[in-house]
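Listing of target_5.cif, mmCIF, C-alpha atoms and all ligand atoms
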```
data_protein
#
loop_
_atom_site.label_atom_id
_atom_site.label_comp_id
_atom_site.auth_asym_id
_atom_site.auth_seq_id
_atom_site.Cartn_x
_atom_site.Cartn_y
_atom_site.Cartn_z
CA MET A 1 -25.44 -9.76 -31.53
CA LYS A 2 -23.86 -10.65 -28.22
CA GLN A 3 -21.57 -13.68 -28.27
CA LYS A 4 -23.05 -16.57 -26.31
CA ILE A 5 -20.57 -18.15 -23.94
CA LEU A 6 -21.35 -21.45 -22.26
CA ILE A 7 -20.14 -21.38 -18.65
CA THR A 8 -20.09 -24.86 -17.18
CA GLY A 9 -20.06 -24.60 -13.40
CA GLY A 10 -21.31 -21.02 -13.73
CA ALA A 11 -23.11 -21.13 -10.39
CA GLY A 12 -19.87 -21.94 -8.57
CA TYR A 13 -17.41 -19.61 -6.89
CA ILE A 14 -15.26 -18.59 -9.86
CA GLY A 15 -17.95 -19.23 -12.49
CA SER A 16 -20.49 -16.85 -10.93
CA HIS A 17 -17.95 -14.02 -10.73
CA THR A 18 -16.89 -14.69 -14.31
CA ALA A 19 -20.51 -14.55 -15.47
CA VAL A 20 -20.68 -11.01 -14.05
CA ALA A 21 -17.43 -10.01 -15.77
CA LEU A 22 -18.64 -11.48 -19.07
CA VAL A 23 -21.90 -9.51 -18.99
CA HIS A 24 -20.03 -6.30 -18.24
CA ALA A 25 -17.76 -7.00 -21.22
CA GLY A 26 -20.75 -7.46 -23.56
CA PHE A 27 -20.98 -11.26 -23.73
CA GLU A 28 -24.10 -13.33 -23.03
CA PRO A 29 -23.43 -16.10 -20.50
CA ILE A 30 -25.31 -19.39 -20.74
CA ILE A 31 -24.82 -21.12 -17.40
CA LEU A 32 -24.85 -24.91 -17.18
CA ASP A 33 -24.67 -26.26 -13.64
CA ASN A 34 -26.09 -29.20 -11.73
CA PHE A 35 -25.62 -27.39 -8.37
CA CYS A 36 -23.71 -30.35 -6.93
CA THR A 37 -21.34 -28.02 -5.06
CA SER A 38 -23.16 -24.69 -5.37
CA GLU A 39 -26.41 -23.01 -4.45
CA LYS A 40 -29.19 -21.40 -6.46
CA SER A 41 -28.63 -18.28 -4.35
CA ALA A 42 -25.52 -17.63 -6.46
CA ILE A 43 -27.80 -17.07 -9.45
CA THR A 44 -29.99 -14.70 -7.42
CA GLY A 45 -26.90 -12.77 -6.34
CA LEU A 46 -25.33 -12.48 -9.75
CA SER A 47 -28.69 -11.49 -11.28
CA LYS A 48 -28.85 -8.59 -8.83
CA ILE A 49 -25.41 -7.41 -9.91
CA ILE A 50 -26.03 -7.63 -13.66
CA GLY A 51 -29.65 -6.45 -13.48
CA PHE A 52 -31.30 -9.45 -15.13
CA THR A 53 -31.50 -13.25 -14.75
CA PRO A 54 -29.21 -15.00 -17.21
CA ILE A 55 -30.07 -18.26 -18.94
CA VAL A 56 -29.39 -21.07 -16.48
CA ILE A 57 -29.65 -24.70 -17.52
CA GLU A 58 -29.79 -27.10 -14.60
CA GLY A 59 -28.02 -30.21 -15.79
CA ASP A 60 -24.93 -32.38 -15.70
CA CYS A 61 -22.22 -31.41 -18.16
CA ASN A 62 -21.08 -35.03 -18.06
CA ASP A 63 -24.41 -36.15 -19.56
CA PRO A 64 -24.34 -36.42 -23.39
CA GLN A 65 -28.07 -35.67 -23.72
CA VAL A 66 -27.77 -32.49 -21.68
CA ILE A 67 -24.77 -31.29 -23.69
CA GLU A 68 -26.45 -32.18 -26.99
CA SER A 69 -29.52 -30.12 -26.09
CA VAL A 70 -27.45 -27.14 -24.92
CA PHE A 71 -25.53 -26.99 -28.20
CA THR A 72 -28.68 -27.57 -30.24
CA ASN A 73 -30.75 -24.90 -28.51
CA HIS A 74 -28.11 -22.18 -28.16
CA GLU A 75 -25.68 -20.85 -30.68
CA ILE A 76 -22.64 -21.20 -28.45
CA GLN A 77 -19.55 -19.31 -29.62
CA GLY A 78 -17.19 -20.09 -26.79
CA ILE A 79 -16.94 -22.14 -23.61
CA ILE A 80 -15.42 -21.61 -20.21
CA HIS A 81 -15.22 -24.97 -18.51
CA PHE A 82 -15.24 -24.54 -14.73
CA ALA A 83 -17.37 -27.55 -13.76
CA ALA A 84 -15.27 -29.99 -11.74
CA PHE A 85 -14.88 -31.37 -8.26
CA LYS A 86 -12.03 -29.66 -6.39
CA ALA A 87 -11.76 -31.09 -2.86
CA VAL A 88 -8.20 -32.39 -2.65
CA GLY A 89 -8.80 -34.53 0.47
CA GLU A 90 -11.95 -36.14 -0.89
CA SER A 91 -10.21 -36.92 -4.16
CA THR A 92 -7.71 -39.17 -2.34
CA LYS A 93 -10.62 -41.20 -0.92
CA LEU A 94 -12.87 -41.14 -4.00
CA PRO A 95 -10.48 -40.85 -6.95
CA LEU A 96 -12.93 -42.27 -9.51
CA LYS A 97 -15.52 -39.64 -8.63
CA TYR A 98 -12.89 -37.06 -9.64
CA TYR A 99 -11.62 -38.81 -12.76
CA HIS A 100 -15.19 -39.42 -13.94
CA ASN A 101 -16.44 -35.86 -13.47
CA ASN A 102 -13.36 -33.78 -14.21
CA ILE A 103 -12.02 -35.75 -17.16
CA GLY A 104 -15.29 -37.17 -18.47
CA SER A 105 -16.90 -33.75 -18.74
CA LEU A 106 -13.94 -32.29 -20.65
CA VAL A 107 -13.87 -35.17 -23.13
CA LEU A 108 -17.61 -34.87 -23.73
CA LEU A 109 -17.37 -31.11 -24.23
CA LEU A 110 -14.52 -31.47 -26.72
CA GLN A 111 -16.49 -34.10 -28.65
CA SER A 112 -19.51 -31.80 -28.76
CA MET A 113 -17.38 -28.82 -29.80
CA GLU A 114 -16.19 -30.81 -32.79
CA LYS A 115 -19.71 -31.93 -33.65
CA PHE A 116 -21.23 -28.44 -33.40
CA GLY A 117 -18.28 -26.49 -34.79
CA VAL A 118 -17.50 -24.57 -31.59
CA LYS A 119 -13.81 -23.74 -31.46
CA ASN A 120 -13.02 -21.57 -28.46
CA LEU A 121 -12.43 -23.00 -25.00
CA VAL A 122 -10.98 -21.61 -21.79
CA PHE A 123 -10.10 -24.31 -19.27
CA SER A 124 -9.71 -24.01 -15.47
CA SER A 125 -6.34 -25.41 -14.51
CA SER A 126 -4.33 -24.90 -11.37
CA CYS A 127 -0.85 -24.01 -10.14
CA THR A 128 -1.05 -27.35 -8.36
CA VAL A 129 0.48 -28.81 -11.57
CA TYR A 130 3.80 -27.13 -10.63
CA GLY A 131 3.96 -28.77 -7.20
CA GLU A 132 6.86 -27.18 -5.32
CA PRO A 133 8.56 -25.05 -8.01
CA LYS A 134 12.37 -25.23 -7.87
CA ILE A 135 12.71 -21.65 -9.15
CA LEU A 136 10.35 -18.80 -8.30
CA PRO A 137 8.31 -17.17 -9.62
CA ALA A 138 6.73 -20.12 -11.44
CA THR A 139 6.56 -19.47 -15.17
CA GLU A 140 4.42 -21.41 -17.62
CA ASP A 141 7.62 -23.31 -18.56
CA THR A 142 8.27 -24.42 -14.99
CA PRO A 143 8.20 -28.22 -15.20
CA ARG A 144 5.03 -29.89 -13.99
CA GLN A 145 5.51 -32.43 -11.24
CA ASP A 146 3.79 -35.62 -10.16
CA ALA A 147 0.42 -34.66 -8.72
CA GLU A 148 -0.02 -34.79 -4.95
CA SER A 149 -3.65 -35.90 -5.30
CA PRO A 150 -6.09 -37.41 -7.80
CA TYR A 151 -7.65 -33.92 -8.06
CA GLY A 152 -4.31 -32.43 -9.10
CA ASN A 153 -3.80 -35.30 -11.51
CA THR A 154 -7.12 -34.57 -13.23
CA LYS A 155 -5.81 -31.07 -14.05
CA LYS A 156 -2.60 -32.49 -15.52
CA ILE A 157 -4.50 -35.10 -17.55
CA CYS A 158 -6.99 -32.50 -18.80
CA GLU A 159 -4.13 -30.28 -19.96
CA ASP A 160 -2.59 -33.26 -21.77
CA ILE A 161 -5.92 -33.98 -23.46
CA LEU A 162 -6.09 -30.35 -24.63
CA VAL A 163 -2.59 -30.58 -26.11
CA ASP A 164 -3.44 -33.81 -27.97
CA VAL A 165 -6.71 -32.42 -29.29
CA THR A 166 -4.90 -29.34 -30.59
CA LYS A 167 -2.30 -31.55 -32.31
CA SER A 168 -5.09 -33.47 -34.03
CA GLN A 169 -5.89 -30.29 -36.01
CA LYS A 170 -9.63 -30.15 -35.46
CA GLY A 171 -9.51 -26.36 -35.46
CA ASN A 172 -9.83 -25.80 -31.70
CA LYS A 173 -8.53 -22.66 -30.02
CA ILE A 174 -7.83 -23.31 -26.36
CA ILE A 175 -6.31 -21.55 -23.37
CA SER A 176 -5.61 -23.30 -20.11
CA LEU A 177 -5.49 -20.83 -17.22
CA ARG A 178 -3.45 -22.00 -14.25
CA TYR A 179 -5.01 -20.26 -11.26
CA PHE A 180 -2.97 -19.57 -8.17
CA ASN A 181 -5.08 -19.00 -5.00
CA PRO A 182 -8.41 -17.30 -5.75
CA ILE A 183 -9.88 -15.45 -2.77
CA GLY A 184 -12.33 -12.64 -2.02
CA ALA A 185 -15.78 -11.94 -3.36
CA HIS A 186 -17.59 -9.50 -5.60
CA PRO A 187 -17.29 -6.06 -3.94
CA SER A 188 -21.12 -5.84 -3.80
CA SER A 189 -21.17 -8.92 -1.48
CA GLU A 190 -23.98 -10.37 -3.62
CA ILE A 191 -21.84 -13.40 -4.54
CA GLY A 192 -18.83 -15.05 -2.97
CA GLU A 193 -17.36 -18.36 -1.92
CA LEU A 194 -19.69 -20.96 -0.36
CA PRO A 195 -17.48 -23.67 1.11
CA ILE A 196 -19.05 -27.05 1.82
CA GLY A 197 -18.61 -28.14 5.45
CA VAL A 198 -15.38 -27.19 7.21
CA PRO A 199 -13.30 -25.12 4.77
CA ALA A 200 -9.99 -26.63 3.74
CA ASN A 201 -8.78 -23.31 2.35
CA LEU A 202 -7.20 -20.56 4.37
CA VAL A 203 -9.32 -17.49 3.69
CA PRO A 204 -12.79 -19.00 4.24
CA PHE A 205 -11.41 -20.59 7.41
CA ILE A 206 -10.21 -17.18 8.58
CA THR A 207 -13.52 -15.42 7.88
CA GLN A 208 -15.55 -18.24 9.45
CA THR A 209 -13.35 -18.08 12.55
CA ALA A 210 -13.74 -14.31 12.81
CA ILE A 211 -17.53 -14.56 12.51
CA GLY A 212 -17.64 -17.30 15.18
CA LYS A 213 -18.52 -20.33 13.02
CA ARG A 214 -15.11 -21.88 13.86
CA GLU A 215 -13.40 -21.62 17.19
CA ARG A 216 -9.85 -21.10 16.06
CA LEU A 217 -7.64 -21.11 12.98
CA THR A 218 -4.72 -23.51 13.06
CA ILE A 219 -1.75 -22.34 11.04
CA PHE A 220 -0.17 -25.44 9.57
CA GLY A 221 3.49 -25.05 10.53
CA ASP A 222 5.73 -22.05 11.26
CA ASP A 223 9.09 -23.71 10.83
CA TYR A 224 9.41 -23.54 7.05
CA ASP A 225 12.23 -21.75 5.26
CA THR A 226 10.22 -18.57 4.62
CA LEU A 227 10.14 -15.00 5.95
CA ASP A 228 8.19 -15.90 9.11
CA GLY A 229 8.22 -19.70 8.87
CA THR A 230 4.71 -20.06 7.38
CA CYS A 231 3.92 -21.12 3.81
CA VAL A 232 3.77 -18.69 0.90
CA ARG A 233 1.02 -18.48 -1.73
CA ASP A 234 -0.08 -16.07 -4.45
CA TYR A 235 -3.58 -14.89 -3.47
CA ILE A 236 -5.60 -13.41 -6.31
CA HIS A 237 -8.91 -11.56 -6.11
CA VAL A 238 -11.64 -13.60 -7.77
CA MET A 239 -12.77 -10.59 -9.88
CA ASP A 240 -9.24 -10.22 -11.29
CA LEU A 241 -9.36 -13.92 -12.11
CA ALA A 242 -12.78 -13.46 -13.73
CA ASP A 243 -11.40 -10.63 -15.85
CA ALA A 244 -8.57 -12.88 -17.07
CA HIS A 245 -11.21 -15.26 -18.50
CA VAL A 246 -12.90 -12.44 -20.42
CA LYS A 247 -9.58 -11.30 -21.86
CA ALA A 248 -8.62 -14.89 -22.71
CA LEU A 249 -11.85 -15.36 -24.67
CA SER A 250 -11.35 -12.14 -26.63
CA TYR A 251 -7.76 -13.16 -27.36
CA LEU A 252 -8.82 -16.62 -28.58
CA ALA A 253 -11.21 -15.06 -31.07
CA LYS A 254 -8.22 -13.42 -32.79
CA GLN A 255 -6.11 -16.57 -33.06
CA GLU A 256 -5.71 -18.95 -35.99
CA ASP A 257 -7.19 -22.46 -35.76
CA ASN A 258 -5.35 -25.17 -33.81
CA PHE A 259 -4.19 -22.87 -31.05
CA PHE A 260 -3.26 -23.89 -27.53
CA ASP A 261 -1.57 -21.89 -24.81
CA ILE A 262 -1.14 -21.87 -21.06
CA LEU A 263 -1.26 -18.77 -18.86
CA ASN A 264 -0.66 -18.33 -15.15
CA VAL A 265 -3.21 -16.23 -13.30
CA GLY A 266 -1.73 -14.82 -10.11
CA THR A 267 -0.59 -11.47 -8.80
CA GLY A 268 3.13 -12.14 -8.98
CA ASN A 269 3.42 -11.65 -5.19
CA GLY A 270 3.78 -14.28 -2.52
CA ASN A 271 2.33 -13.81 0.97
CA THR A 272 2.85 -15.94 4.04
CA VAL A 273 -0.06 -17.34 6.04
CA LEU A 274 0.82 -14.98 8.89
CA GLU A 275 0.83 -12.00 6.53
CA VAL A 276 -2.64 -12.97 5.39
CA VAL A 277 -3.82 -13.27 9.00
CA LYS A 278 -2.33 -9.88 9.95
CA THR A 279 -3.75 -8.19 6.85
CA PHE A 280 -7.16 -9.68 7.59
CA GLU A 281 -7.02 -8.35 11.17
CA LYS A 282 -6.13 -4.91 9.84
CA VAL A 283 -8.88 -4.63 7.24
CA SER A 284 -11.62 -6.28 9.32
CA GLY A 285 -10.76 -4.76 12.70
CA GLN A 286 -11.13 -8.26 14.19
CA ASN A 287 -8.67 -10.07 16.42
CA LEU A 288 -8.34 -13.53 14.98
CA ASN A 289 -8.13 -16.49 17.33
CA TYR A 290 -5.32 -18.60 15.92
CA GLN A 291 -2.68 -21.08 16.99
CA ILE A 292 0.35 -22.64 15.37
CA GLY A 293 -0.11 -26.33 14.65
CA PRO A 294 1.83 -29.07 12.89
CA ARG A 295 2.62 -28.95 9.19
CA ARG A 296 -0.12 -30.15 6.80
CA PRO A 297 1.14 -33.19 4.87
CA GLY A 298 1.68 -32.49 1.18
CA ASP A 299 1.71 -28.69 1.56
CA VAL A 300 3.75 -26.76 -0.97
CA VAL A 301 6.10 -24.45 0.96
CA LYS A 302 6.40 -21.52 -1.45
CA THR A 303 4.74 -20.73 -4.73
CA TRP A 304 3.85 -17.61 -6.64
CA ALA A 305 3.27 -16.78 -10.27
CA SER A 306 5.25 -15.09 -12.92
CA THR A 307 2.72 -12.75 -14.52
CA GLU A 308 5.04 -11.68 -17.32
CA LYS A 309 3.32 -13.88 -19.93
CA ILE A 310 -0.30 -13.07 -19.14
CA THR A 311 0.49 -9.35 -19.03
CA ARG A 312 2.33 -9.52 -22.34
CA VAL A 313 -0.20 -11.75 -24.10
CA LEU A 314 -3.54 -10.54 -22.73
CA GLY A 315 -2.62 -7.10 -21.40
CA TRP A 316 -4.06 -8.31 -18.10
CA LYS A 317 -2.92 -6.98 -14.74
CA PRO A 318 -4.48 -7.51 -11.33
CA GLN A 319 -6.44 -4.50 -10.06
CA PHE A 320 -7.11 -5.61 -6.48
CA THR A 321 -4.68 -5.77 -3.54
CA LEU A 322 -4.52 -8.40 -0.81
CA GLU A 323 -6.27 -5.86 1.46
CA ASP A 324 -9.11 -5.53 -1.07
CA SER A 325 -9.45 -9.29 -1.37
CA LEU A 326 -9.61 -9.85 2.38
CA ARG A 327 -12.00 -6.93 2.91
CA ASP A 328 -14.34 -8.35 0.25
CA ALA A 329 -14.06 -11.86 1.75
CA TRP A 330 -14.95 -10.44 5.17
CA ASN A 331 -17.89 -8.38 3.85
CA TRP A 332 -19.19 -11.51 2.15
CA GLU A 333 -18.95 -13.47 5.43
CA LEU A 334 -20.85 -10.66 7.18
CA LYS A 335 -23.52 -10.82 4.48
CA LEU A 336 -23.80 -14.62 4.85
CA ALA A 337 -24.29 -14.19 8.60
CA LYS A 338 -27.48 -12.20 7.91
CA ARG A 339 -29.08 -14.94 5.77
P1 LIG B 1 -17.02 -24.56 -7.23
O1 LIG B 1 -17.19 -25.91 -6.62
O2 LIG B 1 -17.47 -23.39 -6.48
O3 LIG B 1 -17.71 -24.52 -8.67
C1 LIG B 1 -17.81 -25.63 -9.49
C2 LIG B 1 -19.19 -25.61 -10.09
O4 LIG B 1 -19.31 -26.68 -11.03
C3 LIG B 1 -20.29 -25.82 -9.07
O5 LIG B 1 -21.32 -24.87 -9.26
C4 LIG B 1 -20.80 -27.22 -9.34
O6 LIG B 1 -22.15 -27.38 -9.00
C5 LIG B 1 -20.54 -27.35 -10.83
N1 LIG B 1 -20.35 -28.71 -11.32
C6 LIG B 1 -19.47 -29.64 -10.94
N2 LIG B 1 -19.60 -30.75 -11.66
C7 LIG B 1 -20.60 -30.52 -12.55
C8 LIG B 1 -21.20 -31.28 -13.58
N3 LIG B 1 -20.82 -32.53 -13.86
N4 LIG B 1 -22.20 -30.72 -14.29
C9 LIG B 1 -22.61 -29.45 -14.04
N5 LIG B 1 -22.08 -28.69 -13.08
C10 LIG B 1 -21.09 -29.22 -12.34
O7 LIG B 1 -15.47 -24.44 -7.62
P2 LIG B 1 -14.64 -23.17 -8.08
O8 LIG B 1 -13.74 -22.77 -6.98
O9 LIG B 1 -15.53 -22.17 -8.70
O10 LIG B 1 -13.72 -23.85 -9.19
C11 LIG B 1 -14.00 -23.75 -10.58
C12 LIG B 1 -12.90 -24.44 -11.36
O11 LIG B 1 -11.66 -23.84 -11.05
C13 LIG B 1 -12.74 -25.92 -11.06
O12 LIG B 1 -12.43 -26.59 -12.27
C14 LIG B 1 -11.56 -25.95 -10.11
O13 LIG B 1 -10.88 -27.19 -10.16
C15 LIG B 1 -10.71 -24.84 -10.68
N6 LIG B 1 -9.77 -24.26 -9.70
C16 LIG B 1 -10.25 -23.74 -8.53
C17 LIG B 1 -9.34 -23.21 -7.60
C18 LIG B 1 -9.84 -22.66 -6.29
O14 LIG B 1 -9.01 -22.50 -5.39
N7 LIG B 1 -11.11 -22.34 -6.14
C19 LIG B 1 -7.97 -23.22 -7.88
C20 LIG B 1 -7.53 -23.74 -9.09
C21 LIG B 1 -8.44 -24.26 -10.02
N1 LIG B 2 -3.63 -23.07 5.86
C1 LIG B 2 -3.56 -23.02 7.23
N2 LIG B 2 -4.66 -23.32 7.95
C2 LIG B 2 -5.84 -23.66 7.37
C3 LIG B 2 -5.91 -23.70 5.96
C4 LIG B 2 -4.78 -23.42 5.24
O1 LIG B 2 -2.51 -22.72 7.79
O2 LIG B 2 -6.81 -23.94 8.09
C5 LIG B 2 -2.43 -22.74 5.09
C6 LIG B 2 -1.93 -23.91 4.24
O3 LIG B 2 -1.07 -24.73 4.99
C7 LIG B 2 -1.23 -23.18 3.10
C8 LIG B 2 -2.04 -21.89 2.95
O4 LIG B 2 -2.76 -21.73 4.16
O5 LIG B 2 0.06 -22.85 3.50
C9 LIG B 2 -3.02 -21.93 1.80
O6 LIG B 2 -3.79 -23.12 1.92
P1 LIG B 2 -5.06 -23.40 0.99
O7 LIG B 2 -5.58 -24.76 1.33
O8 LIG B 2 -6.00 -22.25 1.05
O9 LIG B 2 -4.44 -23.38 -0.48
P2 LIG B 2 -3.41 -24.37 -1.19
O10 LIG B 2 -2.50 -23.49 -2.00
O11 LIG B 2 -2.75 -25.25 -0.24
O12 LIG B 2 -4.35 -25.21 -2.16
C10 LIG B 2 -5.33 -24.58 -2.97
C11 LIG B 2 -6.38 -25.59 -3.34
C12 LIG B 2 -5.80 -26.60 -4.28
C13 LIG B 2 -5.25 -25.92 -5.47
C14 LIG B 2 -4.23 -24.92 -5.04
C15 LIG B 2 -3.74 -24.12 -6.21
O13 LIG B 2 -6.86 -26.22 -2.17
O14 LIG B 2 -6.82 -27.44 -4.73
O15 LIG B 2 -4.81 -24.00 -4.10
O16 LIG B 2 -4.81 -23.53 -6.89
F1 LIG B 2 -4.68 -26.83 -6.28
#
```

Reformat the file's structure so that it appears as structure tokens.
Ligand code: NAD
Ligand code: UFG
Amino acid sequence: MKQKILITGGAGYIGSHTAVALVHAGFEPIILDNFCTSEKSAITGLSKIIGFTPIVIEGDCNDPQVIESVFTNHEIQGIIHFAAFKAVGESTKLPLKYYHNNIGSLVLLLQSMEKFGVKNLVFSSSCTVYGEPKILPATEDTPRQDAESPYGNTKKICEDILVDVTKSQKGNKIISLRYFNPIGAHPSSEIGELPIGVPANLVPFITQTAIGKRERLTIFGDDYDTLDGTCVRDYIHVMDLADAHVKALSYLAKQEDNFFDILNVGTGNGNTVLEVVKTFEKVSGQNLNYQIGPRRPGDVVKTWASTEKITRVLGWKPQFTLEDSLRDAWNWELKLAKR
């Protein structure tokens, strides 16, 4: 029998790609999503890739009745908890919206796991917890810093909750994955990122500029202490990230009760904004209209992941290059233009 894995937020960007990876690894995904920041078209797209329509429950994972019915009706063996709000700017204006959804849903899930005897959980955390790391690459032991936004704080608080729950010896087995910068799309272009409004993130802004939805990309500062003066990030293909979730779940199954660990998910390489722009131009054949603008307040200057731990623990290594990621992001934008 295939293991049933509850994917909260499974219609979202990372969740939909992970659903595909789970099916290919022999798991059965049960998607729970209220489509507050995603579209039903993601389900159509992922169904095309996997060749069938998975179980999709439309509901709020912060609603006790919804969660109760999911656990009652499906024999869930593991959970990947993606569902959360993630807009950093909005979180500074509406912090309670973020605390309520991101923290409330985790607490409810953990309560239900205890009630229904489900032990395994993979949680979506972020490299944002490291802030500006003093030493690079950032390892899992790099000290966390005060969050720059309520969104970032929800990730820190959620991690703290997971530590406390593990200490309380209820039998849980939990991995918190700290994602660096997920980009790209499934190589089939059936699913990808669907930003709401004007994208805050670099890669969707680049592809939307190239397709003509945005006039020009503004690079936020070129006077930082980096190779070319622009900020450095660790950009990881979303299918590599998806694969890390599958491996994390399989790893959890082999652990003793009361297990908690943290793993970075990045490539181990840092790229500047200008390198990303130049690589995009190369793989897409497009000339990107861009200008240098002022620094963005709160931006981390340089961050990239140490991948030593995740490679050692999960045997996971990224398979896609930055070129692959940007080519897939561009093909996805071209596909969206035809809708
Ligand atoms: P996304 O917005 O594309 O997906 C989130 C999904 O969760 C959406 O489908 C949304 O409808 C759903 N959702 C939100 N609240 C819900 C609720 N209460 N009930 C049911 N469904 C709900 O975001 P994403 O990029 O796929 O991010 C997934 C997770 O990864 C989030 O926890 C995010 O904070 C984390 N993360 C993302 C990034 C990134 O750059 N994308 C980086 C680090 C961490
Ligand atoms: N950038 C631009 N112009 C833009 C958009 C971004 O120059 O229009 C630059 C930024 O200044 C930064 C880099 O591109 O130097 C990457 O910016 P993103 O906003 O794409 O990514 P961040 O690393 O700044 O933040 C993202 C998410 C956070 C999350 C973090 C780590 O927005 O929520 O990754 O996962 F916490």

Would you tabulate, counting all atoms listed in the file, all residues of chain A that have an atom at most 6 Å from an atom of ligand LIG 2 (chain B), showing the closest pair of atoms and their distance in Å to one decimal, sorted by chain then ascending number, as a tab-separated table?
```
residue	atom	partner	partner_atom	distance
A:Lys86	CA	B:LIG2	O14	5.9
A:Val88	CA	B:LIG2	O14	5.5
A:Ser126	CA	B:LIG2	O16	4.7
A:Cys127	CA	B:LIG2	C15	4.9
A:Thr128	CA	B:LIG2	F1	4.2
A:Tyr179	CA	B:LIG2	O16	5.5
A:Phe180	CA	B:LIG2	O16	4.6
A:Asn181	CA	B:LIG2	O16	4.9
A:Ala200	CA	B:LIG2	O7	5.4
A:Asn201	CA	B:LIG2	O8	3.2
A:Leu202	CA	B:LIG2	C3	3.7
A:Phe205	CA	B:LIG2	O2	5.7
A:Leu217	CA	B:LIG2	O2	5.7
A:Thr218	CA	B:LIG2	N2	5.1
A:Ile219	CA	B:LIG2	O1	3.4
A:Phe220	CA	B:LIG2	O1	4.0
A:Cys231	CA	B:LIG2	O5	4.2
A:Val273	CA	B:LIG2	O4	5.5
A:Arg296	CA	B:LIG2	O3	5.8
A:Asp299	CA	B:LIG2	O11	5.9
```

Output for the residues just chosen: C-alpha atoms as a JSON list (two decimals), in the frame of the given file:
```json
[["chain", "number", "residue", "atom", "x", "y", "z"],
["A", 86, "LYS", "CA", -12.03, -29.66, -6.39],
["A", 88, "VAL", "CA", -8.20, -32.39, -2.65],
["A", 126, "SER", "CA", -4.33, -24.90, -11.37],
["A", 127, "CYS", "CA", -0.85, -24.01, -10.14],
["A", 128, "THR", "CA", -1.05, -27.35, -8.36],
["A", 179, "TYR", "CA", -5.01, -20.26, -11.26],
["A", 180, "PHE", "CA", -2.97, -19.57, -8.17],
["A", 181, "ASN", "CA", -5.08, -19.00, -5.00],
["A", 200, "ALA", "CA", -9.99, -26.63, 3.74],
["A", 201, "ASN", "CA", -8.78, -23.31, 2.35],
["A", 202, "LEU", "CA", -7.20, -20.56, 4.37],
["A", 205, "PHE", "CA", -11.41, -20.59, 7.41],
["A", 217, "LEU", "CA", -7.64, -21.11, 12.98],
["A", 218, "THR", "CA", -4.72, -23.51, 13.06],
["A", 219, "ILE", "CA", -1.75, -22.34, 11.04],
["A", 220, "PHE", "CA", -0.17, -25.44, 9.57],
["A", 231, "CYS", "CA", 3.92, -21.12, 3.81],
["A", 273, "VAL", "CA", -0.06, -17.34, 6.04],
["A", 296, "ARG", "CA", -0.12, -30.15, 6.80],
["A", 299, "ASP", "CA", 1.71, -28.69, 1.56]]
```

At a cut-off of 10 Å, using only C-alpha atoms, what residues contact Leu334 of chain A? Leave out same-chain residues fewer than 2 positions from it and give the result as a list in words. Ser189, Thr207, Gln208, Ala210, Ile211, Asp328, Ala329, Trp330, Asn331, Trp332, Leu336, Ala337, Lys338 and Arg339 of chain A

Okay, now the selection with C-alpha atoms, as a PDB file, in the coordinates of the input?
```pdb
ATOM      1  CA  SER A 189     -21.170  -8.920  -1.480  1.00  0.00           C
ATOM      2  CA  THR A 207     -13.520 -15.420   7.880  1.00  0.00           C
ATOM      3  CA  GLN A 208     -15.550 -18.240   9.450  1.00  0.00           C
ATOM      4  CA  ALA A 210     -13.740 -14.310  12.810  1.00  0.00           C
ATOM      5  CA  ILE A 211     -17.530 -14.560  12.510  1.00  0.00           C
ATOM      6  CA  ASP A 328     -14.340  -8.350   0.250  1.00  0.00           C
ATOM      7  CA  ALA A 329     -14.060 -11.860   1.750  1.00  0.00           C
ATOM      8  CA  TRP A 330     -14.950 -10.440   5.170  1.00  0.00           C
ATOM      9  CA  ASN A 331     -17.890  -8.380   3.850  1.00  0.00           C
ATOM     10  CA  TRP A 332     -19.190 -11.510   2.150  1.00  0.00           C
ATOM     11  CA  LEU A 336     -23.800 -14.620   4.850  1.00  0.00           C
ATOM     12  CA  ALA A 337     -24.290 -14.190   8.600  1.00  0.00           C
ATOM     13  CA  LYS A 338     -27.480 -12.200   7.910  1.00  0.00           C
ATOM     14  CA  ARG A 339     -29.080 -14.940   5.770  1.00  0.00           C
TER      15      ARG A 339
END
```

So that each row is one residue of chain A with an atom at most 6 Å from ligand LIG 1 (chain B), can you give its shortest atom pair and the distance in Å to one decimal, using only C-alpha atoms and all ligand atoms, rows by chain and rising number, as CSV?
```
residue,atom,partner,partner_atom,distance
A:Thr8,CA,B:LIG1,N5,6.0
A:Gly9,CA,B:LIG1,O4,3.2
A:Gly10,CA,B:LIG1,O5,5.9
A:Ala11,CA,B:LIG1,O5,4.3
A:Gly12,CA,B:LIG1,O5,3.3
A:Tyr13,CA,B:LIG1,O9,3.7
A:Ile14,CA,B:LIG1,O9,3.8
A:Gly15,CA,B:LIG1,O9,5.4
A:Leu32,CA,B:LIG1,C9,6.0
A:Asp33,CA,B:LIG1,N5,3.6
A:Asn34,CA,B:LIG1,C9,4.2
A:Phe35,CA,B:LIG1,O6,3.5
A:Cys36,CA,B:LIG1,O6,3.9
A:Thr37,CA,B:LIG1,O6,4.1
A:Ser38,CA,B:LIG1,O5,4.3
A:Gly59,CA,B:LIG1,C9,5.7
A:Asp60,CA,B:LIG1,N4,3.5
A:Cys61,CA,B:LIG1,N4,3.9
A:Asn62,CA,B:LIG1,N3,4.9
A:Phe82,CA,B:LIG1,C12,4.1
A:Ala83,CA,B:LIG1,O4,3.5
A:Ala84,CA,B:LIG1,C6,4.3
A:Phe85,CA,B:LIG1,C6,5.6
A:Lys86,CA,B:LIG1,O13,4.7
A:Asn101,CA,B:LIG1,N3,5.5
A:Ser124,CA,B:LIG1,O11,4.8
A:Ser125,CA,B:LIG1,C21,5.1
A:Ser126,CA,B:LIG1,C20,4.1
A:Tyr179,CA,B:LIG1,C20,4.8
A:Asn181,CA,B:LIG1,O14,5.3
A:Pro182,CA,B:LIG1,O14,5.2
```
